[in-house]
Amino acid sequence: MYGTSERLLRLLSLLQARRDWPGADLASRLDVDVRTIRRDVERLRSLGYPVHATPGVAGGYRLGAGAALPPLLLDDDEAVAVAVGLRTAASGTVSGIEETSVRALAKLEQVLPARLRPRVGAVAAATVSLPGAGPMVDASVLTAIAAACRDHERLRFGYGDRSGAETERSVEPLRLVHTGRRWYLVAFDLDRAGWRTFRVDRITGVPAASFRFTPREPPAEDLAAYVSQQISMAPYPHQLVLRVAAPADVLARRIPPTSGAVEAIDEHSCRVRTGANTLDTVPYHLAQWGYDFVVEEAPPGLVELLREVAERFARAVG
């Protein structure tokens, strides 16, 4: 059994971890009855935490937004992660949060326990940020999309494709995926009746959320690999599949997710799905990987081009 103060902290932590909590679930987690949960919720409200209640048999509790931000509960690893994230925000791909990040970091470091400050300082001292060349994304757009993903709310937004043509999209958002250079939204496109991957920097304005939906079965278990395949093959007119004599984790470190999707075959080989705008660039791109490979699927003309390039290099060395 928890003491009252410890139980309040535990209750607050649970409310912060999930959007909605049935009262019976909270009581079970804290090993108390529902009446005790009601009293503890009143104590949290008296401390300034806006806990909303839904009456009825299926009712529950939700931690809402207040006029002022009440204290958050962070464990050691979460506090370090937030501090490191704020330090790197200014050199990231999200615009408009640099000054805000500095202010938030100053507040956080003021209250960091002494045992955590060396960990945060060590990461800062050992890190040099290289300004990214990727497109910037407005923070308000990201937060709007993230909230809709969390709450299962439909989104509507304007979207510009690769040719610059803009369309209106109505989607059921699933998840945001960050490749290091760009942000992507995986969502079910209601007008096209299929899963799509949207570049967030091509979304115009802040997406408008509407009513909630029942989540669909995701298009893949590994969304990062799914997005990698979508952005490394779908945009290109020439697509190919290779079996490479290298472990998947080794080759993945040499190929950015925008250039190819890597999947393991066994501990010594992997399969790579990639694409290109023109065939002429493919042989020289593959040569940079530094591993033997076998062509499994290729567009017309690529195999002959690879033979021609190989013969040219062979002649060059006599």
# chains A, B, ... in the order shown; residues from 1 in each chain; ligands from 1
$ residues_around --residues "stretch 302-307 of chain A" --least-positions-apart "4" --cutoff "8 Å" --atoms "only C-alpha atoms" --output "PyMOL selection string"
chain A and resi 279-280+283+295+298+311
$ write_last_selection --atoms "N, CA, C and O atoms" --output "tab-separated table (two decimals), in the first residue's frame"
chain	number	residue	atom	x	y	z
A	279	LEU	N	19.02	6.03	-64.70
A	279	LEU	CA	19.81	4.81	-64.57
A	279	LEU	C	21.31	5.10	-64.53
A	279	LEU	O	22.08	4.35	-63.92
A	280	ASP	N	21.75	6.17	-65.18
A	280	ASP	CA	23.19	6.44	-65.27
A	280	ASP	C	23.85	6.60	-63.91
A	280	ASP	O	25.05	6.34	-63.76
A	283	PRO	N	25.06	2.75	-61.10
A	283	PRO	CA	26.30	2.01	-60.87
A	283	PRO	C	27.27	2.71	-59.91
A	283	PRO	O	27.89	2.05	-59.05
A	295	VAL	N	21.74	-8.47	-58.25
A	295	VAL	CA	20.53	-7.78	-58.67
A	295	VAL	C	19.38	-8.78	-58.69
A	295	VAL	O	19.41	-9.77	-59.43
A	298	ALA	N	15.23	-5.39	-61.35
A	298	ALA	CA	15.84	-4.19	-61.94
A	298	ALA	C	14.99	-3.68	-63.10
A	298	ALA	O	14.32	-4.47	-63.79
A	311	GLU	N	32.98	-3.43	-67.36
A	311	GLU	CA	33.99	-3.64	-68.41
A	311	GLU	C	34.86	-2.41	-68.60
A	311	GLU	O	36.08	-2.52	-68.83
$ residues_around --residues "A:Leu30" --least-positions-apart "3" --cutoff "12 Å" --atoms "only C-alpha atoms" --output "list in words"
Met1, Tyr2, Gly3, Thr4, Glu6, Arg7, Leu8, Leu9, Arg10, Leu11, Leu12, Ser13, Leu14, Gly23, Ala24, Asp25, Leu26, Ala27, Asp33, Val34, Thr36, Ile37 and Asp40 of chain A
$ closest_residue --among "A:Pro55, A:Gly275, A:Gly318, A:Gly158" --to "A:Glu297" --atoms "only C-alpha atoms"
A:Gly275
$ residues_around --residues "A:Phe213" --least-positions-apart "2" --cutoff "12 Å" --atoms "only C-alpha atoms" --output "PDB file with N, CA, C and O atoms, in the first residue's frame"
ATOM      1  N   ALA A 148      -3.382  15.037 -32.786  1.00  0.00           N
ATOM      2  CA  ALA A 148      -4.401  14.287 -33.524  1.00  0.00           C
ATOM      3  C   ALA A 148      -4.054  12.800 -33.582  1.00  0.00           C
ATOM      4  O   ALA A 148      -4.949  11.946 -33.518  1.00  0.00           O
ATOM      5  N   CYS A 149      -2.762  12.475 -33.705  1.00  0.00           N
ATOM      6  CA  CYS A 149      -2.343  11.068 -33.665  1.00  0.00           C
ATOM      7  C   CYS A 149      -2.674  10.461 -32.303  1.00  0.00           C
ATOM      8  O   CYS A 149      -3.187   9.339 -32.210  1.00  0.00           O
ATOM      9  N   ARG A 150      -2.391  11.203 -31.256  1.00  0.00           N
ATOM     10  CA  ARG A 150      -2.636  10.710 -29.898  1.00  0.00           C
ATOM     11  C   ARG A 150      -4.116  10.515 -29.622  1.00  0.00           C
ATOM     12  O   ARG A 150      -4.534   9.502 -29.041  1.00  0.00           O
ATOM     13  N   ASP A 151      -4.941  11.466 -30.069  1.00  0.00           N
ATOM     14  CA  ASP A 151      -6.360  11.459 -29.731  1.00  0.00           C
ATOM     15  C   ASP A 151      -7.228  10.787 -30.792  1.00  0.00           C
ATOM     16  O   ASP A 151      -8.455  10.763 -30.656  1.00  0.00           O
ATOM     17  N   HIS A 152      -6.607  10.261 -31.861  1.00  0.00           N
ATOM     18  CA  HIS A 152      -7.348   9.599 -32.947  1.00  0.00           C
ATOM     19  C   HIS A 152      -8.404  10.548 -33.535  1.00  0.00           C
ATOM     20  O   HIS A 152      -9.580  10.214 -33.637  1.00  0.00           O
ATOM     21  N   GLU A 153      -7.953  11.732 -33.932  1.00  0.00           N
ATOM     22  CA  GLU A 153      -8.827  12.722 -34.534  1.00  0.00           C
ATOM     23  C   GLU A 153      -8.442  12.929 -36.001  1.00  0.00           C
ATOM     24  O   GLU A 153      -7.258  13.008 -36.336  1.00  0.00           O
ATOM     25  N   ARG A 154      -9.443  13.010 -36.862  1.00  0.00           N
ATOM     26  CA  ARG A 154      -9.173  13.244 -38.280  1.00  0.00           C
ATOM     27  C   ARG A 154      -8.560  14.623 -38.502  1.00  0.00           C
ATOM     28  O   ARG A 154      -8.834  15.556 -37.748  1.00  0.00           O
ATOM     29  N   LEU A 155      -7.758  14.725 -39.563  1.00  0.00           N
ATOM     30  CA  LEU A 155      -7.118  15.985 -39.920  1.00  0.00           C
ATOM     31  C   LEU A 155      -7.473  16.357 -41.356  1.00  0.00           C
ATOM     32  O   LEU A 155      -7.621  15.484 -42.219  1.00  0.00           O
ATOM     33  N   VAL A 171      -7.517  13.026 -43.678  1.00  0.00           N
ATOM     34  CA  VAL A 171      -6.809  11.805 -43.308  1.00  0.00           C
ATOM     35  C   VAL A 171      -7.115  11.393 -41.872  1.00  0.00           C
ATOM     36  O   VAL A 171      -7.575  12.196 -41.060  1.00  0.00           O
ATOM     37  N   GLU A 172      -6.817  10.122 -41.591  1.00  0.00           N
ATOM     38  CA  GLU A 172      -6.791   9.603 -40.233  1.00  0.00           C
ATOM     39  C   GLU A 172      -5.324   9.403 -39.869  1.00  0.00           C
ATOM     40  O   GLU A 172      -4.686   8.464 -40.332  1.00  0.00           O
ATOM     41  N   PRO A 173      -4.737  10.293 -39.059  1.00  0.00           N
ATOM     42  CA  PRO A 173      -3.306  10.239 -38.786  1.00  0.00           C
ATOM     43  C   PRO A 173      -2.938   9.067 -37.885  1.00  0.00           C
ATOM     44  O   PRO A 173      -3.678   8.733 -36.954  1.00  0.00           O
ATOM     45  N   LEU A 174      -1.806   8.446 -38.172  1.00  0.00           N
ATOM     46  CA  LEU A 174      -1.324   7.326 -37.363  1.00  0.00           C
ATOM     47  C   LEU A 174      -0.093   7.706 -36.556  1.00  0.00           C
ATOM     48  O   LEU A 174      -0.074   7.592 -35.337  1.00  0.00           O
ATOM     49  N   PHE A 188      -4.010   7.454 -43.058  1.00  0.00           N
ATOM     50  CA  PHE A 188      -4.928   6.837 -44.020  1.00  0.00           C
ATOM     51  C   PHE A 188      -5.661   7.956 -44.743  1.00  0.00           C
ATOM     52  O   PHE A 188      -6.402   8.731 -44.130  1.00  0.00           O
ATOM     53  N   LEU A 190      -8.477   9.388 -46.663  1.00  0.00           N
ATOM     54  CA  LEU A 190      -9.878   9.003 -46.815  1.00  0.00           C
ATOM     55  C   LEU A 190     -10.373   9.164 -48.250  1.00  0.00           C
ATOM     56  O   LEU A 190     -11.187   8.368 -48.729  1.00  0.00           O
ATOM     57  N   ALA A 209      -8.225  19.735 -36.926  1.00  0.00           N
ATOM     58  CA  ALA A 209      -8.707  18.453 -36.408  1.00  0.00           C
ATOM     59  C   ALA A 209     -10.235  18.451 -36.352  1.00  0.00           C
ATOM     60  O   ALA A 209     -10.865  19.486 -36.142  1.00  0.00           O
ATOM     61  N   SER A 210     -10.828  17.265 -36.558  1.00  0.00           N
ATOM     62  CA  SER A 210     -12.280  17.136 -36.475  1.00  0.00           C
ATOM     63  C   SER A 210     -12.624  15.978 -35.535  1.00  0.00           C
ATOM     64  O   SER A 210     -11.910  15.751 -34.557  1.00  0.00           O
ATOM     65  N   PHE A 211     -13.672  15.203 -35.838  1.00  0.00           N
ATOM     66  CA  PHE A 211     -14.144  14.207 -34.898  1.00  0.00           C
ATOM     67  C   PHE A 211     -13.207  12.998 -34.826  1.00  0.00           C
ATOM     68  O   PHE A 211     -12.406  12.743 -35.704  1.00  0.00           O
ATOM     69  N   PRO A 215      -9.070   3.636 -34.690  1.00  0.00           N
ATOM     70  CA  PRO A 215      -7.825   3.367 -35.420  1.00  0.00           C
ATOM     71  C   PRO A 215      -7.908   2.114 -36.283  1.00  0.00           C
ATOM     72  O   PRO A 215      -8.504   1.105 -35.899  1.00  0.00           O
ATOM     73  N   ARG A 216      -7.309   2.192 -37.465  1.00  0.00           N
ATOM     74  CA  ARG A 216      -7.224   1.052 -38.382  1.00  0.00           C
ATOM     75  C   ARG A 216      -5.973   0.233 -38.097  1.00  0.00           C
ATOM     76  O   ARG A 216      -5.086   0.663 -37.371  1.00  0.00           O
TER      77      ARG A 216
END
$ residues_around --residues "A:Ala79" --least-positions-apart "2" --cutoff "10 Å" --atoms "only C-alpha atoms" --output "list in words"
Leu73, Leu74, Asp75, Asp76, Asp77, Ala81, Val82, Ala83, Val84, Gly85, Leu108, Glu109, Leu112, Pro113, Leu116 and Val120 of chain A
$ write_last_selection --atoms "N, CA, C and O atoms" --output "PDB file, in the first residue's frame"
ATOM      1  N   LEU A  73       5.998  15.375 -13.400  1.00  0.00           N
ATOM      2  CA  LEU A  73       6.826  14.376 -12.743  1.00  0.00           C
ATOM      3  C   LEU A  73       7.682  13.687 -13.793  1.00  0.00           C
ATOM      4  O   LEU A  73       7.158  13.049 -14.701  1.00  0.00           O
ATOM      5  N   LEU A  74       8.989  13.810 -13.664  1.00  0.00           N
ATOM      6  CA  LEU A  74       9.918  13.177 -14.591  1.00  0.00           C
ATOM      7  C   LEU A  74      10.872  12.298 -13.808  1.00  0.00           C
ATOM      8  O   LEU A  74      11.416  12.728 -12.782  1.00  0.00           O
ATOM      9  N   ASP A  75      11.108  11.077 -14.305  1.00  0.00           N
ATOM     10  CA  ASP A  75      12.151  10.285 -13.676  1.00  0.00           C
ATOM     11  C   ASP A  75      13.510  10.737 -14.205  1.00  0.00           C
ATOM     12  O   ASP A  75      13.597  11.641 -15.055  1.00  0.00           O
ATOM     13  N   ASP A  76      14.585  10.130 -13.715  1.00  0.00           N
ATOM     14  CA  ASP A  76      15.933  10.592 -14.072  1.00  0.00           C
ATOM     15  C   ASP A  76      16.169  10.562 -15.576  1.00  0.00           C
ATOM     16  O   ASP A  76      16.653  11.532 -16.173  1.00  0.00           O
ATOM     17  N   ASP A  77      15.844   9.427 -16.206  1.00  0.00           N
ATOM     18  CA  ASP A  77      16.104   9.297 -17.638  1.00  0.00           C
ATOM     19  C   ASP A  77      15.260  10.280 -18.452  1.00  0.00           C
ATOM     20  O   ASP A  77      15.726  10.841 -19.447  1.00  0.00           O
ATOM     21  N   ALA A  81      16.652  13.222 -20.883  1.00  0.00           N
ATOM     22  CA  ALA A  81      16.217  13.235 -22.282  1.00  0.00           C
ATOM     23  C   ALA A  81      15.632  14.593 -22.666  1.00  0.00           C
ATOM     24  O   ALA A  81      15.908  15.119 -23.748  1.00  0.00           O
ATOM     25  N   VAL A  82      14.826  15.182 -21.777  1.00  0.00           N
ATOM     26  CA  VAL A  82      14.233  16.488 -22.066  1.00  0.00           C
ATOM     27  C   VAL A  82      15.317  17.558 -22.162  1.00  0.00           C
ATOM     28  O   VAL A  82      15.309  18.399 -23.075  1.00  0.00           O
ATOM     29  N   ALA A  83      16.274  17.532 -21.240  1.00  0.00           N
ATOM     30  CA  ALA A  83      17.339  18.534 -21.251  1.00  0.00           C
ATOM     31  C   ALA A  83      18.179  18.439 -22.520  1.00  0.00           C
ATOM     32  O   ALA A  83      18.490  19.451 -23.155  1.00  0.00           O
ATOM     33  N   VAL A  84      18.544  17.220 -22.912  1.00  0.00           N
ATOM     34  CA  VAL A  84      19.343  17.040 -24.125  1.00  0.00           C
ATOM     35  C   VAL A  84      18.536  17.459 -25.354  1.00  0.00           C
ATOM     36  O   VAL A  84      19.047  18.109 -26.266  1.00  0.00           O
ATOM     37  N   GLY A  85      17.236  17.125 -25.371  1.00  0.00           N
ATOM     38  CA  GLY A  85      16.393  17.514 -26.496  1.00  0.00           C
ATOM     39  C   GLY A  85      16.284  19.016 -26.645  1.00  0.00           C
ATOM     40  O   GLY A  85      16.324  19.551 -27.756  1.00  0.00           O
ATOM     41  N   LEU A 108      14.632  24.199 -16.496  1.00  0.00           N
ATOM     42  CA  LEU A 108      14.846  22.794 -16.157  1.00  0.00           C
ATOM     43  C   LEU A 108      16.171  22.587 -15.435  1.00  0.00           C
ATOM     44  O   LEU A 108      16.248  21.870 -14.427  1.00  0.00           O
ATOM     45  N   GLU A 109      17.237  23.213 -15.946  1.00  0.00           N
ATOM     46  CA  GLU A 109      18.541  23.023 -15.326  1.00  0.00           C
ATOM     47  C   GLU A 109      18.592  23.609 -13.913  1.00  0.00           C
ATOM     48  O   GLU A 109      19.359  23.161 -13.067  1.00  0.00           O
ATOM     49  N   LEU A 112      17.227  20.707 -11.843  1.00  0.00           N
ATOM     50  CA  LEU A 112      17.796  19.374 -12.008  1.00  0.00           C
ATOM     51  C   LEU A 112      18.554  18.957 -10.747  1.00  0.00           C
ATOM     52  O   LEU A 112      19.340  19.731 -10.209  1.00  0.00           O
ATOM     53  N   PRO A 113      18.346  17.728 -10.272  1.00  0.00           N
ATOM     54  CA  PRO A 113      19.144  17.251  -9.139  1.00  0.00           C
ATOM     55  C   PRO A 113      20.628  17.238  -9.485  1.00  0.00           C
ATOM     56  O   PRO A 113      21.010  17.064 -10.653  1.00  0.00           O
ATOM     57  N   LEU A 116      22.165  14.542 -11.697  1.00  0.00           N
ATOM     58  CA  LEU A 116      21.861  14.462 -13.123  1.00  0.00           C
ATOM     59  C   LEU A 116      22.631  15.476 -13.954  1.00  0.00           C
ATOM     60  O   LEU A 116      22.796  15.296 -15.162  1.00  0.00           O
ATOM     61  N   VAL A 120      23.902  15.464 -18.161  1.00  0.00           N
ATOM     62  CA  VAL A 120      23.479  16.427 -19.182  1.00  0.00           C
ATOM     63  C   VAL A 120      24.671  17.217 -19.706  1.00  0.00           C
ATOM     64  O   VAL A 120      24.828  17.428 -20.909  1.00  0.00           O
TER      65      VAL A 120
END
$ atom_distance --atom1 "atom CA of A:His238" --atom2 "atom CA of A:Arg175"
28.0 Å
$ atom_distance --atom1 "atom CA of A:Ser46" --atom2 "atom CA of A:Leu63"
13.6 Å
